[in-house]
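Student: Here you go, one structure.
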Amino acid sequence: MRTPGRRRLSRHDAWIVILLVGCAPSSPPPDPTPPETPITPTAEVEPNNGLAEATAVAFDASDRARLQGTIPAVEEDVDWDVDYYSLGAMAAGDRIVVTVDASESGLETAVAIFDSDAKLFSLNADTARTTASGSAIDAIIRHRADTYYFVLSRKAGAGTTAGAYEVTVHVDRGGPVVSPVGQSIWLNFTGGTVPLTNGTTLTVDPFDAGAIDASYTGDTATVRQFIVATVRQNYARFNVTVLNSDEHAPPTDTPYSTVYFGGYDPGGLGIAPGGTDPFNANPSDDAVVFTARFTPDLFTNPPDARGLGTAIGNVAAHEIGHLLGLHHVRNGAAVMNAYDAPDKLLTDQRFRIAGLDIFLFPVFSFDLEQDAALLLTEAVGLAPTITGTTVPVGDTPVALATGDFDNDSDVDMAVACSLASQVRVLWNDGTAAFPAHGEATGFGITTVAAHDVDGNGLPDLIVTDIDATPDADSMYVFLNTDTGFSTPVGYTVADGPYSIAVADLDGDGRLDLALAHSTTDKVSMLANAGDGAFGDNTIIADVTFPLAIAAADVDGDGDQDLAYAATGDVSVLGGVTLLINDGTASFTTGATLAGQAIAAAVALVDVNGDAMPDVILVDLFAGAVIVAINDGTGAFATPTSYTVGDSPHAVAVGDLNGDGWPDLAVANADTNDVSILLNRGDGTFEPEWPYRVGAEPQAIVMADLDGDGDLDLAVANTGDDTISILRNNGNGTFE
C-alpha cells in the first residue's frame with residue numbers, strides 16, 4: 001500500500017526522481033443547501049474544454065450555483081475530457097465553498113480554481129465521490145480577478161472511470177481580506193520523531209554525511225552549510241525565516257515548521273506527511289528529506305560536499321513549498337518540479353510560473369499554471385524592504401552616475417529623471433545621506449554619465465534626450481568648474497539617443513562619446529575636440545534597437561572597442577554585439593553573444609582575473625544575467641546564464657565582499673529587488689541573493705557612498721520616484 005502522496009521511482013533510460021506531495025487536508029463541510037430553496041442547475045455546454053469555452057455559471061440571489069456535467073469514458077477517438085466553468089468576478093475576502101457529488105456514477109474527480117490569468121488559486125487533486133466527507137474546496141479569495149474559473153477533471157490514477165457529477169458552489173462575499181503571515185522554518189539536523197497521518201511515527205537519526213556514503217565522511221558540516229544556504233537562497237524573496245539546529249534552538253515565541261534530514265524511502269527523496277497545506281493554514285507542520293537516498297550513484301557524476309548540500313537543500317525547499325501551499329509542476333528548473341533527472345538538483349532552482357504536474361492534476365493545457373511566487377506572497381508575504389536610506393527625487397528616475405562633483409572627497413550622485421525632464425545632483429554630506437538637491441532642467445533625460453571630459457580633474461555630466469525633435473539638440477554636456485556645473489552645451493545627434501559610453505576611441509588621449517540610438521537603430525560617436533567640446537556626430541554602425549553600450553579593449557590591441565546590447569526582432573539577433581576598433585575610431589562588426597537574449601544592459605569587465613574584459617549582459621525577458629568569458633584574444637566562451645529576478649534592467653560590477661574578485665548586482669524591475677551574485681573566484685557566480693528595494697528599480701551603480709572602504713549600491717526606483725541606498729556590511733551583504 002502506498003503512503004499517500006508518494007510515487008515510486010521508475011527507470012527508463014535514466015533515473016527519474018519523484019518529489020513527493022501528500023493529500024490536502026480536508027476542509028470543514030459547508031452548510032447544506034436548504035431543501036426549500038432549490039438551486040436551478042447550470043448544465044455544462046460542450047465544448048467547454050478550455051478557458052475561452054468555459055460554461056458561464058448562473059448564481060442565485062444567495063450566490064449559490066449548481067453545476068451538472070459528465071466526464072465520458074476515454075476512447076481512442078475521444079480526447080481526455082476536462083470541464084471548465086466561468087464563475088465571474090470575485091474580490092479578496094470572498095469565501096468560496098465547492099462540493100462535488102459523483103456518488104451515483106462512481107466518477108473520481110480532481111478540481112481546481114484559477115484566476116483570470118489562468119493562475120492556480122486552489123486545488124484538490126483527490127476529491128471524494130460524495131459530499132459526506134466534506135467540501136472539495138473551501139478557501140478565501142486572496143486577490144480580485146474579473147473571472148475565476150472552476151475546472152474539473154478525472155482524478156489522476158483513476159483509470160477510465162466516467163460518469164455524471166454534480167457540483168455545488170457557494171460564494172460568501174465581502175468577508176475580511178486575509179493578510180499574509182510570515183513563517184519560520186527550523187532545519188533540524190539532530191533527528192527526532194515525525195508523526196504520520198496514518199497514526200504511526202517515523203524516527204529520524206541525526207544527520208551524518210558519512211552515513212550517506214563513506215566518501216562524505218568528515219564533510220557533515222560543509223554539507224549542512226550548503227543545505228542551509230540553498231534553502232535560504234530559495235526563500236530569500238519571501239517572509240520566511242530559515243533557522244537551523246546548528247545555529248539556533250527552535251523558536252519559542254512563534255509557530256514554526258520543522259524539516260528533518262535522514263532515513264530512507266524507496267518511493268522518493270522527501271515527503272510532507274500532512275500533504276500540501278493550502279496558504280500555510282497550519283504553521284507548525286513537518287517535512288522529511290530522506291538523505292540516505294542521496295548516494296553517489298543517484299547522479300551522473302558524484303557531487304562533492306557542496307553539491308550534495310545543494311541537492312539536499314533543493315529537496316528541502318521543495319518540501320517546505322508543500323508546507324506553504326505549493327503543488328507539483330512540470331519544469332526541471334523549478335523548485336516544485338515533480339520529476340526530473342537528479343542532476344537538476346545540483347543546479348540553481350527557483351520558484352517559477354509553470355504548468356501543473358499532469359500526474360497531480362491531469363489537464364493537458366499550457367494555459368493553466370501555478371505561479372509559485374504569487375502563492376507564496378499571498379501566504380507568507382514578501383521579505384521586508386532592505387534597511388537603508390531612501391532619497392526622494394524627481395519624476396521617474398531612470399539612470400544614475402556617481403563622482404566627487406564638489407571635490408570634498410565624498411561620492412556624490414547624479415540622477416536622470418525622465419518624466420521630470422531633469423538631472424538632479426545629490427550632494428553627499430559624508431554619510432551617504434544626500435541631503436541637498438541641485439537641479440538642471442529643460443529637457444527629457446534618458447541617461448547620464450559622469451566623466452572628466454575637459455581634463456580639469458572634476459567629473460563632468462553628459463546627458464541625452466530621447467524625446468528631442470529631429471534636428472534639435474538631444475545631447476548636453478555640463479562642464480564641472482570650481483564654482484559648480486556650467487550652463488549645458490547642446491549637441492545635435494542622431495534621433496533617439498538612449499545610452500552613453502565614454503572612452504578614448506580615437507587614441508588621442510581625450511575621452512570621446514559613443515551613443516546607442518534605440519529608436520533609429522544606430523550607434524554613433526562624437527570625438528572630443530579638447531577642453532570638453534565635441535565634434536560632429538558620426539554614425540559608426542547600423543544596428544537593431546540598441547538599449548545600452550559599453551567600451552573596453554576586448555581584443556587586447558590597445559584600442560577601445562564597443563559592445564552594444566540589443567533586443568533584436570523576429571529577423572535580427574539580440575544579445576550583445578561587438579564593434580571592433582581599428583585604432584582610428586573606425587569600427588567593424590564582430591561577434592554577437594547570447595543572440596537570443598533580449599538584452600537591456602551590458603558591461604565589459606574582467607571577472608576571471610586574466611586581465612581581459614568579459615561580457616556581462618542582462619536578459620530582460622528570461623530574468624537572467626549572462627556572462628561570456630573572453631579567451632584573451634577577443635573570442636568568447638559559450639555564455640553562462642544565472643537566474644535573477646524578473647525583468648532585469650541594469651547591472652553593476654565590482655568587488656562587493658573584499659576578496660579581490662568582481663561581483664554582480666542586478667536591478668530587477670518586476671520583482672522590485674536587487675540580485676547580488678558573488679564571484680566564486682574563477683569568473684563563475686554563486687546563485688543570486690535578492691534584496692527588496694523601491695518600486696520598479698531600473699538603474700544601479702556601485703560606489704563607496706559612506707566612506708568606509710567598501711562598495712555600496714544606489715538604485716533608481718522608477719515606480720516610486722526614489723533612490724535606494726544600500727550600505728555594504730563589508731562582506732557583500734547589505735544592512
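How things are named: the first chain in the C-alpha cells is A, the next is B, and so on; residues count from 1 in each chain; ligands count from 1 in the order shown.
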Using backbone DSSP assignments, extract all strand (DSSP E or B) residues from stretch 587-639 of chain A; output them as an mmCIF file with N, CA and C atoms, in the first residue's frame.

Tutor:
```cif
data_model
loop_
_atom_site.group_PDB
_atom_site.id
_atom_site.type_symbol
_atom_site.label_atom_id
_atom_site.label_comp_id
_atom_site.auth_asym_id
_atom_site.auth_seq_id
_atom_site.Cartn_x
_atom_site.Cartn_y
_atom_site.Cartn_z
ATOM 1 N N PHE A 587 35.131 51.248 -37.054
ATOM 2 C CA PHE A 587 34.685 50.028 -36.379
ATOM 3 C C PHE A 587 34.130 49.022 -37.379
ATOM 4 N N THR A 588 34.443 47.755 -37.133
ATOM 5 C CA THR A 588 33.848 46.655 -37.888
ATOM 6 C C THR A 588 33.059 45.792 -36.924
ATOM 7 N N THR A 589 31.984 45.207 -37.441
ATOM 8 C CA THR A 589 31.107 44.404 -36.592
ATOM 9 C C THR A 589 31.771 43.068 -36.276
ATOM 10 N N GLY A 590 31.815 42.744 -34.990
ATOM 11 C CA GLY A 590 32.385 41.481 -34.545
ATOM 12 C C GLY A 590 31.310 40.484 -34.160
ATOM 13 N N ALA A 591 31.629 39.631 -33.213
ATOM 14 C CA ALA A 591 30.739 38.545 -32.826
ATOM 15 C C ALA A 591 29.507 39.073 -32.090
ATOM 16 N N THR A 592 28.423 38.318 -32.205
ATOM 17 C CA THR A 592 27.228 38.537 -31.389
ATOM 18 C C THR A 592 27.152 37.425 -30.363
ATOM 19 N N LEU A 593 26.987 37.799 -29.097
ATOM 20 C CA LEU A 593 26.939 36.850 -27.989
ATOM 21 C C LEU A 593 25.526 36.798 -27.414
ATOM 22 N N ALA A 599 18.482 41.834 -24.618
ATOM 23 C CA ALA A 599 19.498 42.426 -23.750
ATOM 24 C C ALA A 599 19.164 43.875 -23.440
ATOM 25 N N ALA A 600 19.095 44.196 -22.145
ATOM 26 C CA ALA A 600 18.761 45.552 -21.707
ATOM 27 C C ALA A 600 19.972 46.310 -21.200
ATOM 28 N N ALA A 601 21.044 45.621 -20.866
ATOM 29 C CA ALA A 601 22.227 46.289 -20.322
ATOM 30 C C ALA A 601 23.446 45.432 -20.600
ATOM 31 N N VAL A 602 24.626 46.089 -20.667
ATOM 32 C CA VAL A 602 25.870 45.378 -20.923
ATOM 33 C C VAL A 602 26.984 46.032 -20.126
ATOM 34 N N ALA A 603 27.926 45.215 -19.645
ATOM 35 C CA ALA A 603 29.152 45.705 -19.009
ATOM 36 C C ALA A 603 30.318 44.898 -19.558
ATOM 37 N N LEU A 604 31.470 45.543 -19.670
ATOM 38 C CA LEU A 604 32.700 44.885 -20.102
ATOM 39 C C LEU A 604 33.700 44.978 -18.964
ATOM 40 N N VAL A 605 33.868 43.881 -18.225
ATOM 41 C CA VAL A 605 34.711 43.860 -17.027
ATOM 42 C C VAL A 605 35.389 42.495 -16.946
ATOM 43 N N ASP A 614 35.534 40.677 -19.916
ATOM 44 C CA ASP A 614 34.499 39.724 -20.259
ATOM 45 C C ASP A 614 33.194 40.484 -20.499
ATOM 46 N N VAL A 615 32.211 39.800 -21.043
ATOM 47 C CA VAL A 615 30.929 40.437 -21.363
ATOM 48 C C VAL A 615 29.880 39.991 -20.355
ATOM 49 N N ILE A 616 29.199 40.963 -19.754
ATOM 50 C CA ILE A 616 28.093 40.695 -18.841
ATOM 51 C C ILE A 616 26.875 41.426 -19.382
ATOM 52 N N LEU A 617 25.779 40.721 -19.563
ATOM 53 C CA LEU A 617 24.548 41.348 -20.023
ATOM 54 C C LEU A 617 23.370 40.838 -19.225
ATOM 55 N N VAL A 618 22.278 41.581 -19.226
ATOM 56 C CA VAL A 618 21.055 41.111 -18.589
ATOM 57 C C VAL A 618 20.016 40.835 -19.658
ATOM 58 N N ASP A 619 19.302 39.727 -19.479
ATOM 59 C CA ASP A 619 18.248 39.316 -20.405
ATOM 60 C C ASP A 619 16.915 39.728 -19.807
ATOM 61 N N ALA A 624 17.547 36.863 -16.293
ATOM 62 C CA ALA A 624 18.868 36.266 -16.109
ATOM 63 C C ALA A 624 19.953 37.294 -16.371
ATOM 64 N N VAL A 625 21.122 37.079 -15.736
ATOM 65 C CA VAL A 625 22.335 37.791 -16.100
ATOM 66 C C VAL A 625 23.237 36.766 -16.775
ATOM 67 N N ILE A 626 23.839 37.156 -17.893
ATOM 68 C CA ILE A 626 24.589 36.232 -18.735
ATOM 69 C C ILE A 626 26.042 36.695 -18.789
ATOM 70 N N VAL A 627 26.969 35.751 -18.609
ATOM 71 C CA VAL A 627 28.397 36.059 -18.585
ATOM 72 C C VAL A 627 29.094 35.261 -19.680
ATOM 73 N N ALA A 628 29.850 35.976 -20.525
ATOM 74 C CA ALA A 628 30.661 35.334 -21.560
ATOM 75 C C ALA A 628 32.124 35.672 -21.295
ATOM 76 N N ASN A 630 36.044 36.039 -21.937
ATOM 77 C CA ASN A 630 36.982 36.346 -23.020
ATOM 78 C C ASN A 630 38.165 35.375 -22.949
ATOM 79 N N PHE A 636 35.065 34.549 -27.376
ATOM 80 C CA PHE A 636 34.384 34.355 -26.104
ATOM 81 C C PHE A 636 33.835 32.943 -25.988
#
```

Student: Do you have, as a tab-separated table, the list of residues of stretch 619-722 of chain A lying at most 12 Å from stretch 388-393 of chain A, each with its nearest atom pair and that distance in Å to one decimal, counting only C-alpha atoms and ordered by chain then number?

Tutor:
```
residue	atom	partner	partner_atom	distance
A:Tyr691	CA	A:Gly388	CA	11.1
A:Arg692	CA	A:Gly388	CA	10.8
A:Val693	CA	A:Thr390	CA	9.1
A:Gly694	CA	A:Thr390	CA	8.4
A:Ala695	CA	A:Thr390	CA	11.7
A:Leu705	CA	A:Thr389	CA	11.2
A:Asp706	CA	A:Thr389	CA	11.2
A:Asp712	CA	A:Gly388	CA	10.7
A:Leu713	CA	A:Gly388	CA	10.2
A:Ala714	CA	A:Thr389	CA	9.5
A:Val715	CA	A:Thr390	CA	9.6
A:Ala716	CA	A:Val393	CA	9.2
A:Asn717	CA	A:Val393	CA	9.6
A:Thr718	CA	A:Val393	CA	9.9
A:Gly719	CA	A:Val393	CA	11.5
A:Asp720	CA	A:Pro392	CA	8.4
A:Asp721	CA	A:Val393	CA	5.7
A:Thr722	CA	A:Pro392	CA	4.4
```

Student: If we count only C-alpha atoms, what is near stretch 642-658 of chain A at a cut-off of 7 Å, once residues fewer than 5 positions away on the same chain are taken out, given as an NGL selection string?

Tutor: :A and (600-601 or 618-621 or 623-626 or 663-671 or 675 or 688 or 698-702 or 710-711 or 730-732)

Student: Quick one: residues within 9 Å of A:Pro687, only C-alpha atoms counted, chain neighbours fewer than 2 positions away excluded, as an mmCIF file with N, CA and C atoms, in the first residue's frame?

Tutor:
```
data_model
loop_
_atom_site.group_PDB
_atom_site.id
_atom_site.type_symbol
_atom_site.label_atom_id
_atom_site.label_comp_id
_atom_site.auth_asym_id
_atom_site.auth_seq_id
_atom_site.Cartn_x
_atom_site.Cartn_y
_atom_site.Cartn_z
ATOM 1 N N THR A 230 21.211 26.892 0.596
ATOM 2 C CA THR A 230 20.320 26.673 -0.542
ATOM 3 C C THR A 230 18.876 26.955 -0.170
ATOM 4 N N GLN A 233 18.481 30.722 0.231
ATOM 5 C CA GLN A 233 18.508 31.409 -1.051
ATOM 6 C C GLN A 233 17.189 31.238 -1.794
ATOM 7 N N ASP A 348 20.815 25.744 -9.826
ATOM 8 C CA ASP A 348 20.129 26.821 -9.120
ATOM 9 C C ASP A 348 18.659 26.796 -9.508
ATOM 10 N N TYR A 642 22.746 33.022 -15.405
ATOM 11 C CA TYR A 642 22.447 32.935 -13.977
ATOM 12 C C TYR A 642 21.087 33.583 -13.720
ATOM 13 N N THR A 643 20.239 32.873 -13.025
ATOM 14 C CA THR A 643 18.899 33.375 -12.754
ATOM 15 C C THR A 643 18.935 34.544 -11.784
ATOM 16 N N VAL A 644 18.170 35.596 -12.099
ATOM 17 C CA VAL A 644 17.988 36.730 -11.190
ATOM 18 C C VAL A 644 16.490 36.974 -11.067
ATOM 19 N N ILE A 676 22.214 40.080 -5.868
ATOM 20 C CA ILE A 676 23.661 40.068 -5.657
ATOM 21 C C ILE A 676 24.174 38.681 -6.009
ATOM 22 N N LEU A 677 25.169 38.623 -6.905
ATOM 23 C CA LEU A 677 25.800 37.357 -7.273
ATOM 24 C C LEU A 677 27.285 37.487 -6.990
ATOM 25 N N LEU A 678 27.766 36.734 -6.007
ATOM 26 C CA LEU A 678 29.174 36.804 -5.616
ATOM 27 C C LEU A 678 30.022 35.901 -6.494
ATOM 28 N N PHE A 685 29.659 32.380 -10.714
ATOM 29 C CA PHE A 685 28.991 33.144 -9.671
ATOM 30 C C PHE A 685 28.045 32.276 -8.850
ATOM 31 N N TRP A 689 21.336 36.465 -4.504
ATOM 32 C CA TRP A 689 20.693 36.771 -3.227
ATOM 33 C C TRP A 689 19.963 38.100 -3.411
#
```

Student: Need the shell around A:Gly313: protein/DNA/RNA residues with any atom at most 9 Å away, counting only C-alpha atoms. Skip same-chain ones fewer than 5 positions apart. Format as a CSV table (one decimal) with all heavy atoms, in the first residue's frame?

Tutor:
```csv
chain,number,residue,atom,x,y,z
A,224,ARG,N,25.9,20.4,5.6
A,224,ARG,CA,24.8,21.2,6.3
A,224,ARG,C,24.9,22.6,5.9
A,224,ARG,O,23.8,23.3,5.7
A,224,ARG,CB,25.0,21.0,7.8
A,224,ARG,CG,24.7,19.7,8.4
A,224,ARG,CD,24.9,19.7,9.9
A,224,ARG,NE,24.5,18.4,10.5
A,224,ARG,CZ,24.6,18.2,11.8
A,224,ARG,NH1,25.0,19.1,12.6
A,224,ARG,NH2,24.2,17.0,12.3
A,226,PHE,N,25.7,24.1,3.1
A,226,PHE,CA,25.1,24.3,1.8
A,226,PHE,C,23.6,23.9,1.8
A,226,PHE,O,22.9,24.5,1.0
A,226,PHE,CB,25.9,23.7,0.7
A,226,PHE,CG,27.2,24.4,0.4
A,226,PHE,CD1,28.4,24.1,1.0
A,226,PHE,CD2,27.1,25.6,-0.3
A,226,PHE,CE1,29.5,24.8,0.7
A,226,PHE,CE2,28.3,26.3,-0.6
A,226,PHE,CZ,29.5,26.0,0.0
A,227,ILE,N,23.2,23.0,2.6
A,227,ILE,CA,21.8,22.8,2.8
A,227,ILE,C,21.1,24.1,3.2
A,227,ILE,O,20.1,24.5,2.6
A,227,ILE,CB,21.5,21.6,3.7
A,227,ILE,CG1,21.9,20.3,3.2
A,227,ILE,CG2,20.0,21.6,4.1
A,227,ILE,CD1,21.8,19.1,4.1
A,228,VAL,N,21.6,24.6,4.3
A,228,VAL,CA,21.0,25.9,4.9
A,228,VAL,C,21.1,27.0,3.8
A,228,VAL,O,20.1,27.7,3.6
A,228,VAL,CB,21.7,26.2,6.2
A,228,VAL,CG1,21.2,27.6,6.7
A,228,VAL,CG2,21.5,25.2,7.2
A,229,ALA,N,22.2,27.2,3.2
A,229,ALA,CA,22.4,28.3,2.2
A,229,ALA,C,21.4,28.1,1.1
A,229,ALA,O,20.8,29.1,0.6
A,229,ALA,CB,23.8,28.3,1.7
A,230,THR,N,21.2,26.9,0.6
A,230,THR,CA,20.3,26.7,-0.5
A,230,THR,C,18.9,27.0,-0.2
A,230,THR,O,18.1,27.6,-0.9
A,230,THR,CB,20.5,25.2,-1.1
A,230,THR,OG1,21.8,25.0,-1.5
A,230,THR,CG2,19.6,25.0,-2.2
A,231,VAL,N,18.4,26.5,1.0
A,231,VAL,CA,17.1,26.8,1.4
A,231,VAL,C,16.9,28.3,1.6
A,231,VAL,O,15.9,28.8,1.2
A,231,VAL,CB,16.7,26.0,2.7
A,231,VAL,CG1,15.4,26.4,3.2
A,231,VAL,CG2,16.8,24.5,2.5
A,232,ARG,N,17.8,28.9,2.3
A,232,ARG,CA,17.7,30.4,2.5
A,232,ARG,C,17.6,31.1,1.2
A,232,ARG,O,16.9,32.1,1.0
A,232,ARG,CB,18.8,30.9,3.4
A,232,ARG,CG,18.7,30.5,4.8
A,232,ARG,CD,19.8,30.9,5.7
A,232,ARG,NE,19.6,30.7,7.1
A,232,ARG,CZ,20.5,30.7,8.0
A,232,ARG,NH1,21.8,31.0,7.7
A,232,ARG,NH2,20.2,30.5,9.3
A,308,LEU,N,26.4,18.1,-2.9
A,308,LEU,CA,25.4,17.2,-2.1
A,308,LEU,C,24.5,18.1,-1.2
A,308,LEU,O,23.3,17.9,-1.2
A,308,LEU,CB,26.2,16.3,-1.2
A,308,LEU,CG,25.4,15.4,-0.3
A,308,LEU,CD1,24.5,14.4,-1.2
A,308,LEU,CD2,26.3,14.6,0.6
A,318,HIS,N,11.8,22.3,-1.7
A,318,HIS,CA,10.6,21.7,-2.3
A,318,HIS,C,9.5,21.2,-1.3
A,318,HIS,O,8.4,21.6,-1.4
A,318,HIS,CB,11.0,20.5,-3.2
A,318,HIS,CG,9.9,19.7,-3.8
A,318,HIS,ND1,9.6,19.8,-5.1
A,318,HIS,CD2,9.0,18.8,-3.3
A,318,HIS,CE1,8.6,19.0,-5.4
A,318,HIS,NE2,8.2,18.4,-4.3
A,345,LEU,N,19.0,18.7,-9.5
A,345,LEU,CA,19.0,19.2,-8.1
A,345,LEU,C,20.3,19.9,-7.7
A,345,LEU,O,20.4,20.5,-6.7
A,345,LEU,CB,18.8,18.0,-7.1
A,345,LEU,CG,17.4,17.3,-7.2
A,345,LEU,CD1,17.4,16.0,-6.4
A,345,LEU,CD2,16.3,18.2,-6.8
```

Student: Find the residues around A:Asp460 up to 12 Å (only C-alpha atoms counted), leave out those fewer than 6 positions away in its own chain, and share them as a ChimeraX atom specification.

Tutor: /A:401-406,413-414,425,448-454,476-482,484-489,502,511,531-533

Student: Save the residues we just selected, N, CA and C atoms, as a compact mmCIF listing (two decimals), in the first residue's frame?

Tutor:
```txt
# COMPACT_ATOMS: atom_id res chain seq x y z
N ALA A 401 24.63 58.18 -12.07
CA ALA A 401 26.08 58.26 -12.23
C ALA A 401 26.64 58.81 -10.93
N THR A 402 27.86 58.41 -10.58
CA THR A 402 28.47 58.87 -9.33
C THR A 402 29.81 59.53 -9.61
N GLY A 403 30.23 60.38 -8.68
CA GLY A 403 31.52 61.05 -8.76
C GLY A 403 31.63 62.08 -7.66
N ASP A 404 32.84 62.51 -7.38
CA ASP A 404 33.04 63.57 -6.38
C ASP A 404 32.89 64.91 -7.10
N PHE A 405 31.66 65.34 -7.22
CA PHE A 405 31.38 66.52 -8.04
C PHE A 405 31.84 67.83 -7.39
N ASP A 406 31.87 67.88 -6.05
CA ASP A 406 32.24 69.13 -5.37
C ASP A 406 33.63 69.07 -4.75
N MET A 413 26.12 62.05 -6.39
CA MET A 413 25.35 61.26 -7.33
C MET A 413 24.56 62.18 -8.26
N ALA A 414 24.48 61.79 -9.52
CA ALA A 414 23.62 62.47 -10.50
C ALA A 414 22.53 61.50 -10.92
N VAL A 425 21.46 66.63 -9.10
CA VAL A 425 22.73 66.32 -8.46
C VAL A 425 22.48 66.25 -6.96
N VAL A 448 22.53 59.43 -18.02
CA VAL A 448 23.52 60.39 -17.55
C VAL A 448 24.83 59.65 -17.32
N ALA A 449 25.94 60.26 -17.70
CA ALA A 449 27.28 59.70 -17.45
C ALA A 449 28.12 60.78 -16.79
N ALA A 450 29.04 60.36 -15.92
CA ALA A 450 29.90 61.30 -15.21
C ALA A 450 31.36 60.95 -15.49
N HIS A 451 32.06 61.81 -16.24
CA HIS A 451 33.47 61.62 -16.57
C HIS A 451 34.12 62.99 -16.76
N ASP A 452 35.40 63.03 -16.51
CA ASP A 452 36.15 64.28 -16.71
C ASP A 452 36.51 64.40 -18.18
N VAL A 453 35.68 65.08 -18.95
CA VAL A 453 35.92 65.17 -20.39
C VAL A 453 36.74 66.40 -20.77
N ASP A 454 36.96 67.36 -19.83
CA ASP A 454 37.75 68.54 -20.17
C ASP A 454 39.11 68.55 -19.49
N TYR A 476 23.60 66.82 -24.11
CA TYR A 476 24.06 68.01 -23.40
C TYR A 476 25.27 67.66 -22.54
N VAL A 477 26.19 68.59 -22.45
CA VAL A 477 27.38 68.42 -21.62
C VAL A 477 27.41 69.55 -20.59
N PHE A 478 27.46 69.15 -19.29
CA PHE A 478 27.63 70.09 -18.19
C PHE A 478 29.08 70.01 -17.75
N LEU A 479 29.86 71.02 -18.01
CA LEU A 479 31.25 71.02 -17.55
C LEU A 479 31.30 71.44 -16.09
N ASN A 480 32.10 70.70 -15.32
CA ASN A 480 32.22 70.94 -13.88
C ASN A 480 33.39 71.89 -13.65
N THR A 481 33.11 73.02 -12.98
CA THR A 481 34.13 74.02 -12.70
C THR A 481 34.29 74.18 -11.20
N ASP A 482 35.20 75.03 -10.80
CA ASP A 482 35.41 75.27 -9.37
C ASP A 482 34.18 75.86 -8.71
N GLY A 484 30.94 75.05 -9.68
CA GLY A 484 29.76 74.25 -9.97
C GLY A 484 29.66 73.94 -11.44
N PHE A 485 28.50 73.41 -11.85
CA PHE A 485 28.32 72.99 -13.24
C PHE A 485 27.94 74.19 -14.11
N SER A 486 28.50 74.18 -15.32
CA SER A 486 28.24 75.25 -16.27
C SER A 486 26.86 75.09 -16.89
N THR A 487 26.42 76.13 -17.56
CA THR A 487 25.23 76.02 -18.40
C THR A 487 25.49 74.95 -19.46
N PRO A 488 24.55 74.02 -19.65
CA PRO A 488 24.84 72.91 -20.56
C PRO A 488 25.04 73.36 -22.00
N VAL A 489 25.97 72.69 -22.67
CA VAL A 489 26.20 72.89 -24.10
C VAL A 489 25.46 71.78 -24.84
N VAL A 502 31.70 56.25 -22.52
CA VAL A 502 32.73 57.29 -22.56
C VAL A 502 34.09 56.61 -22.55
N LEU A 511 38.74 61.80 -23.87
CA LEU A 511 37.56 60.93 -23.78
C LEU A 511 36.53 61.33 -24.82
N ASP A 531 39.19 70.43 -24.36
CA ASP A 531 38.50 71.30 -23.40
C ASP A 531 37.04 70.92 -23.21
N GLY A 532 36.70 69.67 -23.48
CA GLY A 532 35.33 69.22 -23.24
C GLY A 532 34.36 69.59 -24.33
N ALA A 533 34.84 70.08 -25.45
CA ALA A 533 33.98 70.32 -26.61
C ALA A 533 34.06 69.11 -27.54
```

Student: For stretch 203-212 of chain A, list every protein, DNA or RNA residue within 8 Å, evaluated using only C-alpha atoms, and leave out those in the same chain fewer than 2 positions away; present the list as a ChimeraX atom specification.

Tutor: /A:189-194,201,214-220,223,260-263,291-295

Student: Just write the chosen residues, N, CA and C atoms, as a compact mmCIF listing (two decimals), in the first residue's frame.

Tutor:
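So the final result, stored in again.txt, reads:
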```
# COMPACT_ATOMS: atom_id res chain seq x y z
N PHE A 189 18.82 19.08 12.15
CA PHE A 189 19.82 18.07 11.83
C PHE A 189 20.07 17.11 12.99
N THR A 190 19.35 17.27 14.08
CA THR A 190 19.60 16.48 15.28
C THR A 190 18.75 15.22 15.36
N GLY A 191 17.82 15.07 14.42
CA GLY A 191 16.96 13.90 14.43
C GLY A 191 15.74 14.09 15.31
N GLY A 192 14.85 13.09 15.29
CA GLY A 192 13.64 13.17 16.08
C GLY A 192 12.58 12.23 15.54
N THR A 193 11.38 12.40 16.03
CA THR A 193 10.26 11.56 15.67
C THR A 193 9.21 12.39 14.94
N VAL A 194 8.79 11.90 13.78
CA VAL A 194 7.84 12.62 12.95
C VAL A 194 6.52 11.86 12.92
N THR A 201 4.61 6.65 13.49
CA THR A 201 5.65 7.67 13.55
C THR A 201 6.87 7.21 12.74
N ALA A 214 30.61 6.73 2.39
CA ALA A 214 31.88 6.91 3.11
C ALA A 214 32.71 8.05 2.53
N SER A 215 32.51 8.36 1.24
CA SER A 215 33.28 9.43 0.63
C SER A 215 32.98 10.79 1.25
N TYR A 216 31.86 10.91 1.96
CA TYR A 216 31.49 12.18 2.60
C TYR A 216 31.85 12.22 4.09
N THR A 217 32.57 11.23 4.56
CA THR A 217 32.99 11.23 5.96
C THR A 217 33.83 12.48 6.25
N GLY A 218 33.48 13.17 7.29
CA GLY A 218 34.16 14.40 7.65
C GLY A 218 33.60 15.65 6.99
N ASP A 219 32.62 15.48 6.09
CA ASP A 219 32.06 16.62 5.36
C ASP A 219 30.71 17.07 5.90
N THR A 220 30.30 16.53 7.05
CA THR A 220 28.95 16.83 7.54
C THR A 220 28.71 18.33 7.70
N VAL A 223 28.29 19.98 4.22
CA VAL A 223 27.01 19.62 3.60
C VAL A 223 25.88 20.38 4.28
N TYR A 260 13.18 17.58 8.81
CA TYR A 260 14.12 16.59 9.32
C TYR A 260 14.95 16.05 8.16
N PHE A 261 16.17 15.61 8.46
CA PHE A 261 17.09 15.12 7.43
C PHE A 261 17.61 13.76 7.84
N GLY A 262 17.15 12.71 7.15
CA GLY A 262 17.63 11.38 7.45
C GLY A 262 16.65 10.33 7.00
N GLY A 263 17.10 9.07 7.04
CA GLY A 263 16.23 7.96 6.69
C GLY A 263 16.23 7.67 5.21
N THR A 291 17.67 11.59 3.32
CA THR A 291 19.03 11.84 2.87
C THR A 291 19.79 10.57 2.50
N ALA A 292 19.38 9.42 3.03
CA ALA A 292 20.07 8.18 2.67
C ALA A 292 19.87 7.82 1.20
N ARG A 293 18.91 8.47 0.54
CA ARG A 293 18.71 8.24 -0.89
C ARG A 293 19.76 8.93 -1.76
N PHE A 294 20.53 9.88 -1.19
CA PHE A 294 21.40 10.73 -1.99
C PHE A 294 22.79 10.11 -2.16
N THR A 295 22.83 8.83 -2.45
CA THR A 295 24.11 8.16 -2.68
C THR A 295 24.70 8.60 -4.02
```
